[in-house]
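Notes follow the structure.
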Amino acid sequence: LSLVDVKEDFFKVLHPKLTVLIAAYSKDKRPNVMACSWITPASEEPPLIAAFLARTSYTRQLILESKYFTVNVPTLDLLKAVWVAGTRSGRRGDKIKAMGVAVKPAKNVDAPIIDGCAAYLECKLNQAIEVGECTALIGEVVEAYANPQLFQAGAWSVERAKLLLHLGGALFTLPSGTVKAK
Ligand SMILES: Cc1cc2nc3c(=O)[nH]c(=O)nc-3n(C[C@H](O)[C@H](O)[C@H](O)COP(=O)(O)O)c2cc1C
């Protein structure tokens, strides 16, 4: 078997990745949201995450201005809204309205959360690092809460939570089961 060159798609070799919605307020308290799959835990003590947002993204600008954001974990029923969040910019018109979702204020940070998601992380911006065409936004997790029917005993119940795993472009896959290493 000869291997094929996938350099052009190198990042997709590291997918599937959990798709989230990142939300923040503008200075005049208008909520905006974008789809993001380049996001990862970065530290447990203190609790930090890293999200890689293109410098062109409006959400990135809002987070740098407000210093707060939320990570919202959607499931399959929000696929259409996720696609809108990931293909339009909040710079041009009210994206929340186009997505057909409801937002409300987060509990403990100055940012919105998206109704109907399976879990939420409320974050305070800790650091912003320029990385290629992206900015790594390091967020300290101030609050984290989840739907108890979908996240049980410290893990996703993937048979119930139809999490969207991004393959790249318009392609997603769904988790198909759980295995135990011991
Ligand atoms: C499934 C999916 C995942 C995405 N992941 C990222 C990402 O990790 N980083 C990024 O900068 N853009 C990502 N995008 C693209 C942004 O969501 C898109 O550019 C969006 O229009 C930015 O909106 P904004 O300008 O309102 O912030 C993704 C798009 C989709 C559909």
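Residues in the structure tokens are numbered from 1 in each chain, the chains being A, B, ... in the order shown, and ligands are numbered from 1 in the order shown.
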
Residues of stretch 53-91 of chain A in strand (DSSP E or B) according to DSSP, as a list in words?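 The strand (DSSP E or B) subset of stretch 53-91 of chain A is Leu53, Ala54, Tyr68, Phe69, Thr70, Val71, Asn72, Val73 and Thr75 of chain A.
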
Can I get the selection written as a tab-separated table (two decimals), in the first residue's frame, with C-alpha atoms?
```
chain	number	residue	atom	x	y	z
A	53	LEU	CA	-9.74	31.75	16.44
A	54	ALA	CA	-8.87	33.29	13.07
A	68	TYR	CA	-15.08	36.98	28.65
A	69	PHE	CA	-16.59	34.18	26.58
A	70	THR	CA	-18.59	30.99	26.88
A	71	VAL	CA	-18.06	27.58	25.32
A	72	ASN	CA	-21.40	25.98	24.48
A	73	VAL	CA	-21.50	22.29	23.48
A	75	THR	CA	-25.77	18.38	19.85
```

How close does stretch 116-181 of chain A get to stretch 7-12 of chain A? List, as a tab-separated table, each residue of stretch 116-181 of chain A within 12 Å, its nearest atom pair and the distance in Å to one decimal, counting only C-alpha atoms.
```
residue	atom	partner	partner_atom	distance
A:Leu165	CA	A:Lys12	CA	11.8
A:His166	CA	A:Lys12	CA	9.1
A:Leu167	CA	A:Lys12	CA	6.5
A:Gly168	CA	A:Lys12	CA	6.2
A:Gly169	CA	A:Lys12	CA	9.5
A:Leu171	CA	A:Lys12	CA	10.9
A:Phe172	CA	A:Lys12	CA	11.6
```

Pick out the residues sitting within 9 Å of stretch 110-115 of chain A, and hand them over as JSON, numbers by chain; count only C-alpha atoms, and ignore anything fewer than 2 positions along from it in its own chain. {"A": [21, 22, 23, 24, 25, 29, 31, 32, 33, 66, 67, 68, 69, 70, 71, 72, 74, 101, 102, 103, 104, 105, 106, 107, 108, 117, 120, 122, 123, 124]}

Chain A residues near ligand 1 within 9 Å, closest pair each, using only C-alpha atoms and all ligand atoms, as CSV:
```
residue,atom,partner,partner_atom_place_in_ligand_line,distance
A:Lys17,CA,ligand 1,3 (C),8.9
A:Leu18,CA,ligand 1,1 (C),8.7
A:Thr19,CA,ligand 1,1 (C),5.7
A:Val20,CA,ligand 1,3 (C),7.6
A:Leu21,CA,ligand 1,17 (O),8.2
A:Ile22,CA,ligand 1,27 (O),8.5
A:Ala23,CA,ligand 1,27 (O),8.6
A:Asn32,CA,ligand 1,26 (O),6.2
A:Val33,CA,ligand 1,26 (O),5.9
A:Met34,CA,ligand 1,17 (O),4.3
A:Ala35,CA,ligand 1,17 (O),3.9
A:Cys36,CA,ligand 1,5 (N),3.2
A:Ser37,CA,ligand 1,8 (O),4.1
A:Trp38,CA,ligand 1,8 (O),3.6
A:Ile39,CA,ligand 1,8 (O),6.4
A:Ala51,CA,ligand 1,8 (O),6.8
A:Phe52,CA,ligand 1,9 (N),5.3
A:Leu53,CA,ligand 1,11 (O),3.4
A:Ala54,CA,ligand 1,11 (O),3.7
A:Arg55,CA,ligand 1,11 (O),7.3
A:Thr56,CA,ligand 1,25 (O),6.6
A:Ser57,CA,ligand 1,25 (O),3.8
A:Tyr58,CA,ligand 1,25 (O),3.8
A:Thr59,CA,ligand 1,27 (O),3.7
A:Arg60,CA,ligand 1,27 (O),6.2
A:Gln61,CA,ligand 1,27 (O),7.9
A:Leu62,CA,ligand 1,27 (O),8.4
A:Val82,CA,ligand 1,31 (C),6.5
A:Trp83,CA,ligand 1,31 (C),5.0
A:Val84,CA,ligand 1,31 (C),7.5
A:Ala85,CA,ligand 1,17 (O),5.7
A:Gly86,CA,ligand 1,17 (O),3.2
A:Thr87,CA,ligand 1,21 (O),4.3
A:Arg88,CA,ligand 1,21 (O),4.0
A:Ser89,CA,ligand 1,26 (O),3.5
A:Gly90,CA,ligand 1,26 (O),3.6
A:Arg91,CA,ligand 1,26 (O),6.0
A:Arg92,CA,ligand 1,26 (O),8.1
A:Lys95,CA,ligand 1,26 (O),7.3
A:Glu133,CA,ligand 1,11 (O),8.7
A:Cys134,CA,ligand 1,11 (O),6.5
A:Thr135,CA,ligand 1,11 (O),8.3
A:Leu164,CA,ligand 1,1 (C),8.3
A:Leu165,CA,ligand 1,1 (C),8.2
A:His166,CA,ligand 1,1 (C),5.5
A:Leu167,CA,ligand 1,1 (C),8.1
A:Gly168,CA,ligand 1,1 (C),6.9
A:Gly169,CA,ligand 1,31 (C),6.5
A:Ala170,CA,ligand 1,31 (C),6.5
A:Leu171,CA,ligand 1,1 (C),8.0
A:Phe172,CA,ligand 1,1 (C),7.7
```

Report as a ChimeraX atom specification all protein, DNA and RNA residues lying within 10 Å of A:Leu125, evaluated on only C-alpha atoms, omitting residues in the same chain fewer than 2 positions from it. /A:48-50,63-69,123,127-128,137-141

Need to verify the contact set: A:Gln149, 9 Å, only C-alpha atoms, exclusion of same-chain residues closer than 4 positions in sequence. Can you return it as a PyMOL selection string? chain A and resi 157+160-161

Atom CA of A:Ala155 to atom CA of A:Ala118, straight-line distance in Å: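 Going from atom CA of A:Ala118 over to atom CA of A:Ala155, I get 12.3 Å.
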
Nearest candidate to A:Leu174 (options A:Gly116, A:Pro16, A:Ser2, A:Ala42; using only C-alpha atoms): A:Pro16

Leaving out A:Glu159 and any residue of its chain fewer than 6 positions from it, which residues lie within 12 Å of it when counting only C-alpha atoms, given as a PyMOL selection string? chain A and resi 75+149-152+174-179
